[in-house]
file run19.cif (mmCIF, C-alpha atoms)
data_model
#
loop_
_atom_site.label_atom_id
_atom_site.label_comp_id
_atom_site.auth_asym_id
_atom_site.auth_seq_id
_atom_site.Cartn_x
_atom_site.Cartn_y
_atom_site.Cartn_z
CA MET A 28 42.37 52.50 167.93
CA ARG A 29 44.76 53.25 170.67
CA ASP A 30 48.32 53.51 169.34
CA THR A 31 50.07 54.99 172.33
CA GLU A 32 53.03 52.91 173.55
CA SER A 33 52.42 51.27 176.90
CA PRO A 34 53.86 53.30 179.75
CA ARG A 35 54.20 50.20 181.93
CA THR A 36 57.29 48.06 181.95
CA GLY A 37 58.52 45.16 184.06
CA PRO A 38 56.18 42.26 183.17
CA GLY A 39 57.95 40.13 185.79
CA ALA A 40 56.88 42.37 188.67
CA THR A 41 53.66 40.51 189.44
CA ARG A 42 55.36 37.09 189.30
CA ALA A 43 58.12 38.27 191.63
CA ARG A 44 55.62 39.60 194.15
CA LEU A 45 53.60 36.39 194.04
CA ALA A 46 56.78 34.39 194.59
CA GLY A 47 57.66 36.58 197.55
CA CYS A 48 54.15 36.09 198.88
CA ALA A 49 54.44 32.30 198.60
CA LEU A 50 57.75 32.24 200.44
CA LEU A 51 56.29 34.38 203.21
CA VAL A 52 53.32 32.07 203.64
CA ALA A 53 55.59 29.03 203.82
CA ALA A 54 57.79 30.67 206.43
CA LEU A 55 54.94 31.77 208.69
CA GLY A 56 52.99 28.53 208.51
CA ALA A 57 49.38 27.60 208.02
CA GLY A 58 48.13 30.26 210.39
CA VAL A 59 48.86 32.96 207.80
CA THR A 60 46.06 33.23 205.25
CA GLY A 61 47.85 35.16 202.48
CA CYS A 62 49.59 38.31 201.40
CA SER A 63 46.75 40.56 202.48
CA SER A 64 47.39 39.72 206.12
CA ASP A 65 48.68 42.37 208.46
CA GLY A 66 52.46 42.58 208.36
CA SER A 67 52.72 41.33 204.78
CA PRO A 68 55.38 43.16 202.76
CA LEU A 69 52.96 43.69 199.91
CA SER A 70 50.42 45.43 202.13
CA ALA A 71 53.00 47.82 203.56
CA GLU A 72 53.43 51.39 202.40
CA PRO A 73 56.26 51.63 199.84
CA TYR A 74 59.55 52.67 201.37
CA ASP A 75 61.75 55.43 199.91
CA ALA A 76 63.89 53.72 197.28
CA ALA A 77 66.22 56.70 196.75
CA ASP A 78 69.23 54.73 198.06
CA GLN A 79 68.33 51.66 196.03
CA ILE A 80 68.43 53.22 192.55
CA SER A 81 70.51 55.71 190.57
CA PHE A 82 69.68 57.84 187.56
CA GLY A 83 71.98 58.24 184.57
CA GLY A 84 71.91 59.87 181.16
CA SER A 85 73.22 63.28 182.31
CA LEU A 86 70.45 63.43 184.91
CA ASP A 87 71.02 64.89 188.37
CA GLU A 88 68.06 65.80 190.47
CA GLY A 89 67.36 69.50 190.31
CA LYS A 90 69.48 70.02 187.18
CA THR A 91 68.54 70.35 183.52
CA ALA A 92 68.91 67.10 181.60
CA ASP A 93 70.38 66.71 178.13
CA PRO A 94 67.47 65.76 175.81
CA ASP A 95 69.88 64.07 173.42
CA LYS A 96 70.85 61.39 175.95
CA PRO A 97 68.64 58.49 177.04
CA LEU A 98 67.26 58.21 180.54
CA GLU A 99 68.86 55.37 182.50
CA ILE A 100 67.83 53.95 185.90
CA THR A 101 69.92 51.33 187.71
CA ALA A 102 69.27 49.22 190.79
CA GLU A 103 72.21 49.84 193.13
CA GLU A 104 71.69 47.03 195.61
CA SER A 105 72.23 43.40 194.66
CA ASP A 106 69.33 42.36 196.88
CA GLY A 107 66.80 44.66 195.19
CA ARG A 108 65.33 45.10 191.72
CA ILE A 109 63.33 47.56 189.63
CA THR A 110 59.81 46.32 188.93
CA ASP A 111 58.18 49.22 187.09
CA VAL A 112 58.99 52.61 185.57
CA VAL A 113 56.52 55.23 184.36
CA ALA A 114 57.94 58.38 182.74
CA VAL A 115 55.57 61.03 181.39
CA ASP A 116 55.99 64.67 180.41
CA ALA A 117 53.70 67.58 181.28
CA SER A 118 51.69 67.16 178.06
CA GLY A 119 50.92 63.51 178.83
CA ARG A 120 53.42 61.90 176.47
CA HIS A 121 54.84 58.67 177.88
CA LEU A 122 58.49 57.82 177.44
CA ALA A 123 58.87 54.23 176.27
CA GLY A 124 61.57 52.11 177.85
CA GLU A 125 62.97 48.64 178.37
CA LEU A 126 63.55 46.83 181.67
CA ALA A 127 66.25 44.18 182.01
CA ALA A 128 64.93 40.70 182.79
CA ASP A 129 66.62 40.70 186.20
CA GLY A 130 65.29 44.16 187.07
CA SER A 131 68.77 45.61 187.35
CA ARG A 132 68.40 48.38 184.74
CA TRP A 133 65.79 50.35 182.82
CA HIS A 134 66.55 52.66 179.88
CA SER A 135 64.41 54.79 177.57
CA THR A 136 63.97 53.56 174.01
CA THR A 137 62.40 56.70 172.51
CA PRO A 138 63.91 60.20 172.49
CA LEU A 139 63.28 62.72 175.24
CA ALA A 140 61.56 65.93 174.24
CA ALA A 141 63.52 69.17 174.54
CA SER A 142 62.35 71.92 176.92
CA ALA A 143 59.95 69.49 178.61
CA GLN A 144 59.23 68.58 182.23
CA TYR A 145 59.14 64.88 183.07
CA THR A 146 57.89 63.00 186.10
CA VAL A 147 59.41 59.55 186.63
CA ARG A 148 57.90 57.01 189.03
CA VAL A 149 60.14 54.06 189.81
CA SER A 150 58.86 51.01 191.71
CA THR A 151 61.25 48.55 193.33
CA GLU A 152 61.25 45.62 195.70
CA ASP A 153 63.86 44.28 198.08
CA GLU A 154 64.87 40.67 198.70
CA ASP A 155 61.90 40.22 201.04
CA GLY A 156 59.43 41.50 198.46
CA ARG A 157 58.82 44.80 200.22
CA PRO A 158 57.81 47.52 197.70
CA GLY A 159 59.84 50.69 197.29
CA ARG A 160 59.15 53.84 195.31
CA LYS A 161 61.02 56.86 194.05
CA VAL A 162 59.45 59.82 192.23
CA LEU A 163 61.72 62.22 190.35
CA THR A 164 60.87 65.36 188.40
CA PHE A 165 63.31 66.87 185.94
CA THR A 166 63.38 69.29 183.03
CA THR A 167 65.19 68.81 179.74
CA GLY A 168 67.25 71.58 178.22
CA LYS A 169 66.78 73.50 175.03
CA PRO A 170 67.79 71.80 171.80
CA GLY A 171 70.84 72.90 169.90
CA ALA A 172 70.54 74.59 166.53
CA ALA A 173 68.34 72.34 164.41
CA LYS A 174 65.74 72.45 161.69
CA ARG A 175 62.12 71.97 162.68
CA LEU A 176 60.15 69.13 161.14
CA GLY A 177 56.70 70.48 160.37
CA ILE A 178 53.83 68.09 159.69
CA THR A 179 50.57 68.87 157.90
CA PHE A 180 47.76 66.34 158.06
CA GLY A 181 45.17 65.82 155.37
CA PRO A 182 42.50 65.83 154.13
CA GLU A 183 40.74 68.84 155.61
CA ALA A 184 38.38 68.25 158.53
CA GLY A 185 35.00 66.97 157.36
CA THR A 186 33.03 63.84 156.49
CA TYR A 187 34.43 61.40 153.93
CA GLY A 188 33.84 57.99 152.46
CA VAL A 189 35.27 54.86 154.08
CA GLY A 190 38.13 54.69 151.56
CA GLN A 191 39.76 58.02 152.44
CA PRO A 192 43.41 57.61 153.50
CA LEU A 193 45.08 59.99 155.94
CA VAL A 194 48.08 61.94 154.66
CA ALA A 195 51.03 63.37 156.59
CA GLU A 196 53.13 65.91 154.65
CA LEU A 197 56.59 66.62 156.12
CA SER A 198 58.41 69.93 155.75
CA GLU A 199 61.80 68.19 155.55
CA PRO A 200 62.81 64.90 153.91
CA VAL A 201 63.41 61.92 156.20
CA LYS A 202 65.35 59.08 154.59
CA ASP A 203 67.07 57.22 157.40
CA PRO A 204 65.04 54.16 158.56
CA ALA A 205 65.72 54.84 162.25
CA GLN A 206 64.60 58.46 161.88
CA ARG A 207 61.50 57.33 160.00
CA ALA A 208 60.69 55.04 162.91
CA VAL A 209 60.91 58.01 165.31
CA VAL A 210 58.50 59.95 163.09
CA GLU A 211 56.01 57.08 162.86
CA ARG A 212 56.01 56.52 166.61
CA GLY A 213 55.13 60.17 167.05
CA LEU A 214 52.16 60.12 164.64
CA LYS A 215 49.14 58.94 166.59
CA VAL A 216 45.89 57.76 165.00
CA ASP A 217 42.78 57.02 167.06
CA SER A 218 39.63 55.61 165.49
CA THR A 219 36.22 54.98 167.01
CA PRO A 220 35.39 52.14 166.34
CA SER A 221 38.97 50.84 166.54
CA VAL A 222 40.66 49.33 163.49
CA THR A 223 43.96 47.81 162.43
CA GLY A 224 46.05 50.34 160.51
CA ALA A 225 49.57 51.42 159.51
CA TRP A 226 51.55 54.25 157.92
CA TYR A 227 53.22 53.84 154.52
CA TRP A 228 56.13 56.01 153.36
CA VAL A 229 55.11 57.16 149.87
CA ASP A 230 58.35 59.14 149.60
CA ASP A 231 60.79 60.99 151.88
CA LYS A 232 58.25 63.72 152.70
CA LYS A 233 54.88 62.00 152.55
CA LEU A 234 53.14 59.22 154.48
CA HIS A 235 49.70 57.66 153.98
CA PHE A 236 47.74 55.90 156.72
CA ARG A 237 44.99 53.39 155.97
CA PRO A 238 43.31 50.57 157.87
CA LYS A 239 43.84 46.95 156.93
CA GLU A 240 40.34 47.09 155.48
CA TYR A 241 38.09 50.06 154.77
CA TRP A 242 37.19 52.39 157.62
CA PRO A 243 33.94 51.52 159.39
CA ALA A 244 30.89 53.59 158.47
CA ASP A 245 30.13 56.48 160.82
CA ALA A 246 33.59 56.37 162.40
CA THR A 247 35.49 59.22 164.02
CA VAL A 248 39.19 59.34 163.17
CA ARG A 249 41.71 61.59 164.92
CA VAL A 250 45.36 62.05 163.97
CA ARG A 251 47.93 64.08 165.89
CA SER A 252 51.68 64.45 166.30
CA ASN A 253 53.60 63.91 169.53
CA LEU A 254 56.89 64.96 167.92
CA GLU A 255 57.14 68.53 169.20
CA GLY A 256 60.63 68.93 170.68
CA ILE A 257 61.57 65.30 169.92
CA LYS A 258 64.92 64.65 168.26
CA VAL A 259 64.41 63.04 164.86
CA GLY A 260 67.95 63.43 163.52
CA ASP A 261 71.21 65.12 164.48
CA ARG A 262 69.96 68.50 163.29
CA LEU A 263 66.23 67.87 163.06
CA ARG A 264 63.55 68.10 165.76
CA GLY A 265 59.82 67.79 165.61
CA ASP A 266 57.72 70.95 165.51
CA ALA A 267 54.17 71.54 166.70
CA ALA A 268 51.48 70.20 164.34
CA LYS A 269 47.77 70.92 164.11
CA PRO A 270 45.73 67.78 164.87
CA LEU A 271 42.98 66.63 162.53
CA THR A 272 39.60 64.97 163.04
CA ILE A 273 37.58 63.49 160.20
CA ARG A 274 34.46 61.36 160.14
CA THR A 275 33.19 58.73 157.76
CA GLY A 276 29.69 58.49 156.37
CA ASP A 277 27.94 55.47 154.91
CA ARG A 278 29.95 52.70 153.28
CA VAL A 279 29.30 53.49 149.60
CA ILE A 280 31.03 51.46 146.89
CA ALA A 281 30.50 51.31 143.14
CA VAL A 282 31.66 48.19 141.31
CA THR A 283 31.98 48.62 137.55
CA ASP A 284 32.12 45.43 135.49
CA ALA A 285 33.71 46.58 132.23
CA ALA A 286 32.92 43.30 130.47
CA ALA A 287 29.25 43.38 131.48
CA HIS A 288 28.99 47.18 130.93
CA GLN A 289 27.25 47.47 134.27
CA LEU A 290 27.89 49.55 137.41
CA THR A 291 26.45 48.32 140.71
CA VAL A 292 26.23 50.57 143.78
CA TYR A 293 26.32 49.16 147.31
CA LYS A 294 25.43 51.12 150.44
CA ASN A 295 26.38 49.59 153.78
CA GLY A 296 26.64 46.21 152.10
CA GLU A 297 23.25 46.35 150.35
CA GLU A 298 22.84 46.72 146.59
CA ILE A 299 20.86 49.90 145.91
CA LYS A 300 21.23 50.56 142.17
CA GLN A 301 22.44 49.13 138.86
CA ILE A 302 23.44 51.48 136.06
CA PRO A 303 24.25 50.62 132.42
CA VAL A 304 27.61 52.15 131.50
CA THR A 305 30.30 52.31 128.88
CA THR A 306 34.00 52.17 129.76
CA GLY A 307 37.27 52.59 127.85
CA LYS A 308 37.48 51.18 124.35
CA PRO A 309 40.54 49.27 123.02
CA GLY A 310 43.62 51.43 123.34
CA PHE A 311 41.97 53.58 126.02
CA GLU A 312 40.93 50.91 128.53
CA THR A 313 39.71 52.00 131.95
CA ARG A 314 42.08 51.15 134.79
CA ASN A 315 41.21 48.11 136.87
CA GLY A 316 41.24 48.21 140.63
CA VAL A 317 40.02 50.34 143.50
CA LYS A 318 39.94 54.12 143.22
CA VAL A 319 38.89 56.74 145.74
CA VAL A 320 36.66 59.67 144.79
CA LEU A 321 38.90 62.75 144.71
CA ALA A 322 36.46 65.53 143.81
CA LYS A 323 33.15 66.33 142.14
CA GLU A 324 32.61 68.88 139.35
CA ARG A 325 29.16 69.75 138.07
CA PHE A 326 30.69 70.95 134.82
CA VAL A 327 34.08 70.28 133.27
CA ARG A 328 35.41 70.84 129.77
CA MET A 329 37.19 67.70 128.56
CA ARG A 330 39.70 68.07 125.74
CA SER A 331 41.71 65.26 124.18
CA THR A 332 44.86 67.40 124.03
CA THR A 333 45.14 67.24 127.83
CA VAL A 334 45.71 63.47 127.66
CA GLY A 335 48.07 63.50 124.70
CA ILE A 336 45.62 63.05 121.81
CA ALA A 337 46.44 65.44 118.99
CA GLU A 338 43.81 67.98 118.02
CA GLY A 339 42.17 67.11 114.72
CA SER A 340 43.06 63.41 114.92
CA SER A 341 40.45 60.70 114.62
CA GLU A 342 40.35 60.33 118.42
CA SER A 343 40.30 64.01 119.34
CA TYR A 344 37.41 65.48 121.32
CA ASP A 345 36.34 68.69 123.02
CA LEU A 346 33.26 68.12 125.18
CA ASP A 347 31.23 69.91 127.86
CA VAL A 348 30.65 67.28 130.54
CA HIS A 349 28.19 67.43 133.42
CA PHE A 350 28.03 65.66 136.79
CA ALA A 351 31.67 64.56 136.69
CA THR A 352 32.98 62.56 139.67
CA ARG A 353 36.80 62.46 139.52
CA VAL A 354 38.72 59.30 140.50
CA THR A 355 42.21 60.00 139.07
CA TRP A 356 44.21 63.19 138.63
CA SER A 357 45.02 62.17 135.06
CA GLY A 358 41.38 62.67 134.07
CA GLU A 359 39.39 59.53 134.76
CA TYR A 360 35.81 60.35 135.82
CA VAL A 361 32.41 58.82 136.26
CA HIS A 362 30.24 61.29 134.31
CA ALA A 363 27.24 61.98 132.13
CA ALA A 364 27.75 60.88 128.51
CA PRO A 365 24.49 61.51 126.65
CA TRP A 366 26.28 61.04 123.32
CA SER A 367 26.91 57.33 124.07
CA VAL A 368 23.57 56.29 125.59
CA GLY A 369 23.05 53.80 122.75
CA SER A 370 26.25 51.96 123.73
CA GLN A 371 25.76 52.05 127.50
CA GLY A 372 25.11 48.54 128.75
CA TYR A 373 26.31 47.05 125.44
CA ALA A 374 29.76 48.28 124.38
CA ASN A 375 32.84 50.14 125.59
CA VAL A 376 33.35 53.30 123.54
CA SER A 377 34.87 55.90 125.90
CA HIS A 378 38.44 57.17 126.19
CA GLY A 379 38.80 55.71 129.69
CA CYS A 380 36.03 57.31 131.71
CA VAL A 381 32.90 55.54 132.93
CA GLY A 382 30.00 57.09 131.01
CA MET A 383 26.29 56.89 131.81
CA SER A 384 23.06 58.77 131.13
CA THR A 385 22.67 62.30 132.48
CA ALA A 386 20.00 61.21 134.96
CA ASP A 387 22.14 58.37 136.28
CA ALA A 388 25.21 60.59 136.44
CA GLU A 389 23.31 63.19 138.47
CA TRP A 390 22.16 60.47 140.88
CA PHE A 391 25.73 59.16 141.17
CA PHE A 392 27.05 62.70 141.70
CA ASP A 393 24.54 63.33 144.50
CA THR A 394 25.11 59.93 146.14
CA PHE A 395 28.91 59.77 146.22
CA ARG A 396 31.24 61.94 148.30
CA GLN A 397 34.99 62.39 148.49
CA GLY A 398 36.54 59.23 149.91
CA ASP A 399 33.87 56.87 148.56
CA LEU A 400 35.09 53.94 146.49
CA VAL A 401 34.87 53.13 142.78
CA GLU A 402 36.15 49.70 141.75
CA VAL A 403 36.61 48.52 138.17
CA VAL A 404 36.80 44.82 137.31
CA ASN A 405 37.17 42.83 134.08
CA SER A 406 38.75 45.66 132.11
CA GLU A 407 41.66 45.05 129.76
CA GLY A 408 43.40 48.09 131.22
CA ASP A 409 46.27 48.31 133.69
CA THR A 410 45.72 48.34 137.44
CA MET A 411 45.28 51.69 139.17
CA GLU A 412 48.61 53.10 140.37
CA PRO A 413 49.02 53.00 144.18
CA PHE A 414 50.29 56.60 144.38
CA GLY A 415 50.72 59.69 142.26
CA ASN A 416 47.47 59.58 140.29
CA GLY A 417 45.01 59.74 143.15
CA PHE A 418 44.49 57.26 145.95
CA GLY A 419 45.23 53.76 144.72
CA ASP A 420 46.26 52.73 148.23
CA TRP A 421 43.70 49.92 148.41
CA ASN A 422 45.35 48.10 145.51
CA VAL A 423 48.33 47.36 147.76
CA THR A 424 47.99 44.13 149.74
CA TRP A 425 48.12 44.47 153.52
CA ASP A 426 51.42 42.59 153.73
CA LYS A 427 52.98 44.91 151.13
CA TRP A 428 51.50 47.93 152.89
CA ARG A 429 53.16 46.94 156.14
CA GLU A 430 56.47 46.69 154.31
CA GLY A 431 56.16 50.42 153.62
CA SER A 432 56.22 51.18 157.34
CA ALA A 433 59.45 51.88 159.22
CA LEU A 434 57.96 50.03 162.20
CA THR A 435 56.59 46.88 160.56
CA GLY A 436 58.55 46.62 157.30
CA SER A 437 61.59 44.43 156.58
CA GLY A 438 60.59 41.76 159.09
CA LYS A 439 60.00 44.15 161.99
CA THR A 440 57.19 43.35 164.40
CA PRO A 441 54.57 45.87 165.50
CA ASP A 442 55.57 47.83 168.59
CA THR A 443 52.41 49.89 168.97
CA ALA A 444 48.83 48.92 169.62
CA GLN A 445 47.59 50.51 166.42
CA GLN A 446 48.36 47.25 164.59
CA VAL A 447 46.13 45.21 166.95
CA ALA A 448 42.83 44.33 165.31
CA ARG A 449 39.69 45.15 167.27
CA LEU A 450 37.16 45.51 164.51
CA ARG A 451 37.11 44.32 160.93
CA PRO A 452 34.39 45.78 158.70
CA ALA A 453 32.64 43.24 156.54
CA ALA A 454 33.58 43.35 152.88
CA VAL A 455 31.03 44.21 150.23
#
call {"tool": "encode", "arguments": {"input": "run19.cif", "output": "structure tokens"}}
result
Amino acid sequence: MRDTESPRTGPGATRARLAGCALLVAALGAGVTGCSSDGSPLSAEPYDAADQISFGGSLDEGKTADPDKPLEITAEESDGRITDVVAVDASGRHLAGELAADGSRWHSTTPLAASAQYTVRVSTEDEDGRPGRKVLTFTTGKPGAAKRLGITFGPEAGTYGVGQPLVAELSEPVKDPAQRAVVERGLKVDSTPSVTGAWYWVDDKKLHFRPKEYWPADATVRVRSNLEGIKVGDRLRGDAAKPLTIRTGDRVIAVTDAAAHQLTVYKNGEEIKQIPVTTGKPGFETRNGVKVVLAKERFVRMRSTTVGIAEGSSESYDLDVHFATRVTWSGEYVHAAPWSVGSQGYANVSHGCVGMSTADAEWFFDTFRQGDLVEVVNSEGDTMEPFGNGFGDWNVTWDKWREGSALTGSGKTPDTAQQVARLRPAAV
């Protein structure tokens, strides 16, 4: 997935040149075969357009530019127009901009980075269609006193299941929608194969990124920040951030039917195992919905007091549990429950976990990894929370997820290529 904003502007440039070509052919008569002929304005070397354009936004050639002001380029002559502008800094970050329909003016639409060197290439054409060019290099000044916005990406580098969301933790809260949009534009996610995806603001200091559907199996996902030196707010600028690369393994999904007391495991779309289970009994029903494996513990002591059940009550317990695969932070696991083997496949008798035989639990423990998916259907319980108790991100519809983005929410339209679908993994 390529989510870098296009460095090219001026979609009317090609049409204008073709129009100029057509006029030239008409003027010269049938003996001229086209714009590639000798003497054609389009085949000529670009002339120096220095006298045809002017630069604004506190920018004078050879002087330090104010990073807090936008870059502006204006066509000075009424018989000429700007056709294309490419602005890029020394680290390869492109500056997005907008070109007026008549080619009279171009201005940047994303902030300049502080203490950065930019190269700007401006293409023009005169009234005869002859191409002009101006290349300018300038350096932006140091930022004023401001806090630095640090960003930490998660999870740690490694291989995960296809349900693993990306997380961006911010060092400072960002509440303003316009500032959130600056942050999102600076967070770049690349996936091979490419997918449709978006960021969601969980709160003022945390974002999650997920695809529209699960990640493809055996994908490589890279996330980085382009915000270093970029103005986010009046007293807040982006800081350097360590990029992250993760990979996905096989597409492994467990579907637990609480009414049928059966768990079915799918690997890359193929059913590979059915396991008799027991889920939460009345009053302790297992949550419905999609959950993401958070961790695996070969041994965990489970006590009822940790979930609010009084010690000594009829529902209290204190158990040594083996092969426990965690799916919520509040204590929901898929684990070995040898004490309930007689009920597995027939009745729901647990306090919310999915219980199975020790042999099946060991197989499940060895088969599933962090980021794999566990879905529960036909339970009388509530739906898994989207956030705060693990990763319930997949229980949010795609339309609702997009509403959580500063770029696509509240009726906004996507302005980066990361929302363009190129591959959609088949559902289980």
call {"tool": "residues_around", "arguments": {"input": "run19.cif", "residues": "Thr291 (chain A)", "least_positions_apart": "2", "cutoff": "7 Å", "atoms": "all atoms listed in the file", "output": "number ranges by chain"}}
result
A: 281-283, 289, 293, 300-302
call {"tool": "closest_residue", "arguments": {"input": "run19.cif", "among": "A:Asp426, A:Asp203, A:Asp155, A:Glu407", "to": "Pro309 (chain A)", "atoms": "all atoms listed in the file"}}
result
A:Glu407
call {"tool": "resolve_selection", "arguments": {"input": "run19.cif", "expression": "the PyMOL selection byres ((chain A and resi 411) around 7)", "output": "PyMOL selection string"}}
result
chain A and resi 314-317+409-410+412-413+419
call {"tool": "resolve_selection", "arguments": {"input": "run19.cif", "expression": "the PyMOL selection byres ((chain A and resi 428-436) around 12)", "output": "ChimeraX atom specification"}}
result
/A:201-214,223-231,233-240,413,419-427,437-446
call {"tool": "residues_around", "arguments": {"input": "run19.cif", "residues": "region 264-276 of chain A", "least_positions_apart": "3", "cutoff": "7 Å", "atoms": "all atoms listed in the file", "output": "PyMOL selection string"}}
result
chain A and resi 173-180+184-189+244-252+254-260
call {"tool": "closest_residue", "arguments": {"input": "run19.cif", "among": "A:Val381, A:Ala123, A:Val361, A:Ala143", "to": "Thr306 (chain A)", "atoms": "all atoms listed in the file"}}
result
A:Val381
call {"tool": "atom_distance", "arguments": {"input": "run19.cif", "atom1": "CA of Glu297 (chain A)", "atom2": "CA of Ser367 (chain A)"}}
result
28.7 Å
call {"tool": "residues_near_point", "arguments": {"input": "run19.cif", "point": "(66.9, 54.3, 192.9)", "cutoff": "8 Å", "atoms": "only C-alpha atoms", "output": "JSON list (two decimals) with C-alpha atoms, in the frame of the given file"}}
result
[["chain", "number", "residue", "atom", "x", "y", "z"],
["A", 76, "ALA", "CA", 63.89, 53.72, 197.28],
["A", 77, "ALA", "CA", 66.22, 56.70, 196.75],
["A", 78, "ASP", "CA", 69.23, 54.73, 198.06],
["A", 79, "GLN", "CA", 68.33, 51.66, 196.03],
["A", 80, "ILE", "CA", 68.43, 53.22, 192.55],
["A", 81, "SER", "CA", 70.51, 55.71, 190.57],
["A", 82, "PHE", "CA", 69.68, 57.84, 187.56],
["A", 100, "ILE", "CA", 67.83, 53.95, 185.90],
["A", 101, "THR", "CA", 69.92, 51.33, 187.71],
["A", 102, "ALA", "CA", 69.27, 49.22, 190.79],
["A", 103, "GLU", "CA", 72.21, 49.84, 193.13],
["A", 149, "VAL", "CA", 60.14, 54.06, 189.81],
["A", 161, "LYS", "CA", 61.02, 56.86, 194.05]]
call {"tool": "residues_around", "arguments": {"input": "run19.cif", "residues": "Lys294 (chain A)", "least_positions_apart": "5", "cutoff": "9 Å", "atoms": "all atoms listed in the file", "output": "list in words"}}
result
Asp277, Arg278, Val279, Ile280, Ala281, Ile299 and Val455 of chain A
call {"tool": "resolve_selection", "arguments": {"input": "run19.cif", "expression": "the PyMOL selection byres ((chain A and resi 170) around 9)", "output": "PyMOL selection string"}}
result
chain A and resi 93-95+140-142+167-169+171-173+256+258+264
call {"tool": "atom_distance", "arguments": {"input": "run19.cif", "atom1": "CA of Ala374 (chain A)", "atom2": "CA of Lys308 (chain A)"}}
result
8.2 Å
call {"tool": "residues_near_point", "arguments": {"input": "run19.cif", "point": "(61.8, 48.8, 188.1)", "cutoff": "10 Å", "atoms": "all atoms listed in the file", "output": "PyMOL selection string"}}
result
chain A and resi 35-40+80+100-102+107-113+125-127+129-133+148-152+159-160
call {"tool": "closest_residue", "arguments": {"input": "run19.cif", "among": "A:Thr313, A:Asp116, A:Gly372, A:His378", "to": "Tyr344 (chain A)", "atoms": "all atoms listed in the file"}}
result
A:His378
call {"tool": "atom_distance", "arguments": {"input": "run19.cif", "atom1": "CA of Val319 (chain A)", "atom2": "CA of Leu197 (chain A)"}}
result
22.8 Å
call {"tool": "closest_residue", "arguments": {"input": "run19.cif", "among": "A:Val376, A:Met383, A:Leu346, A:Ala128", "to": "His362 (chain A)", "atoms": "all atoms listed in the file"}}
result
A:Met383
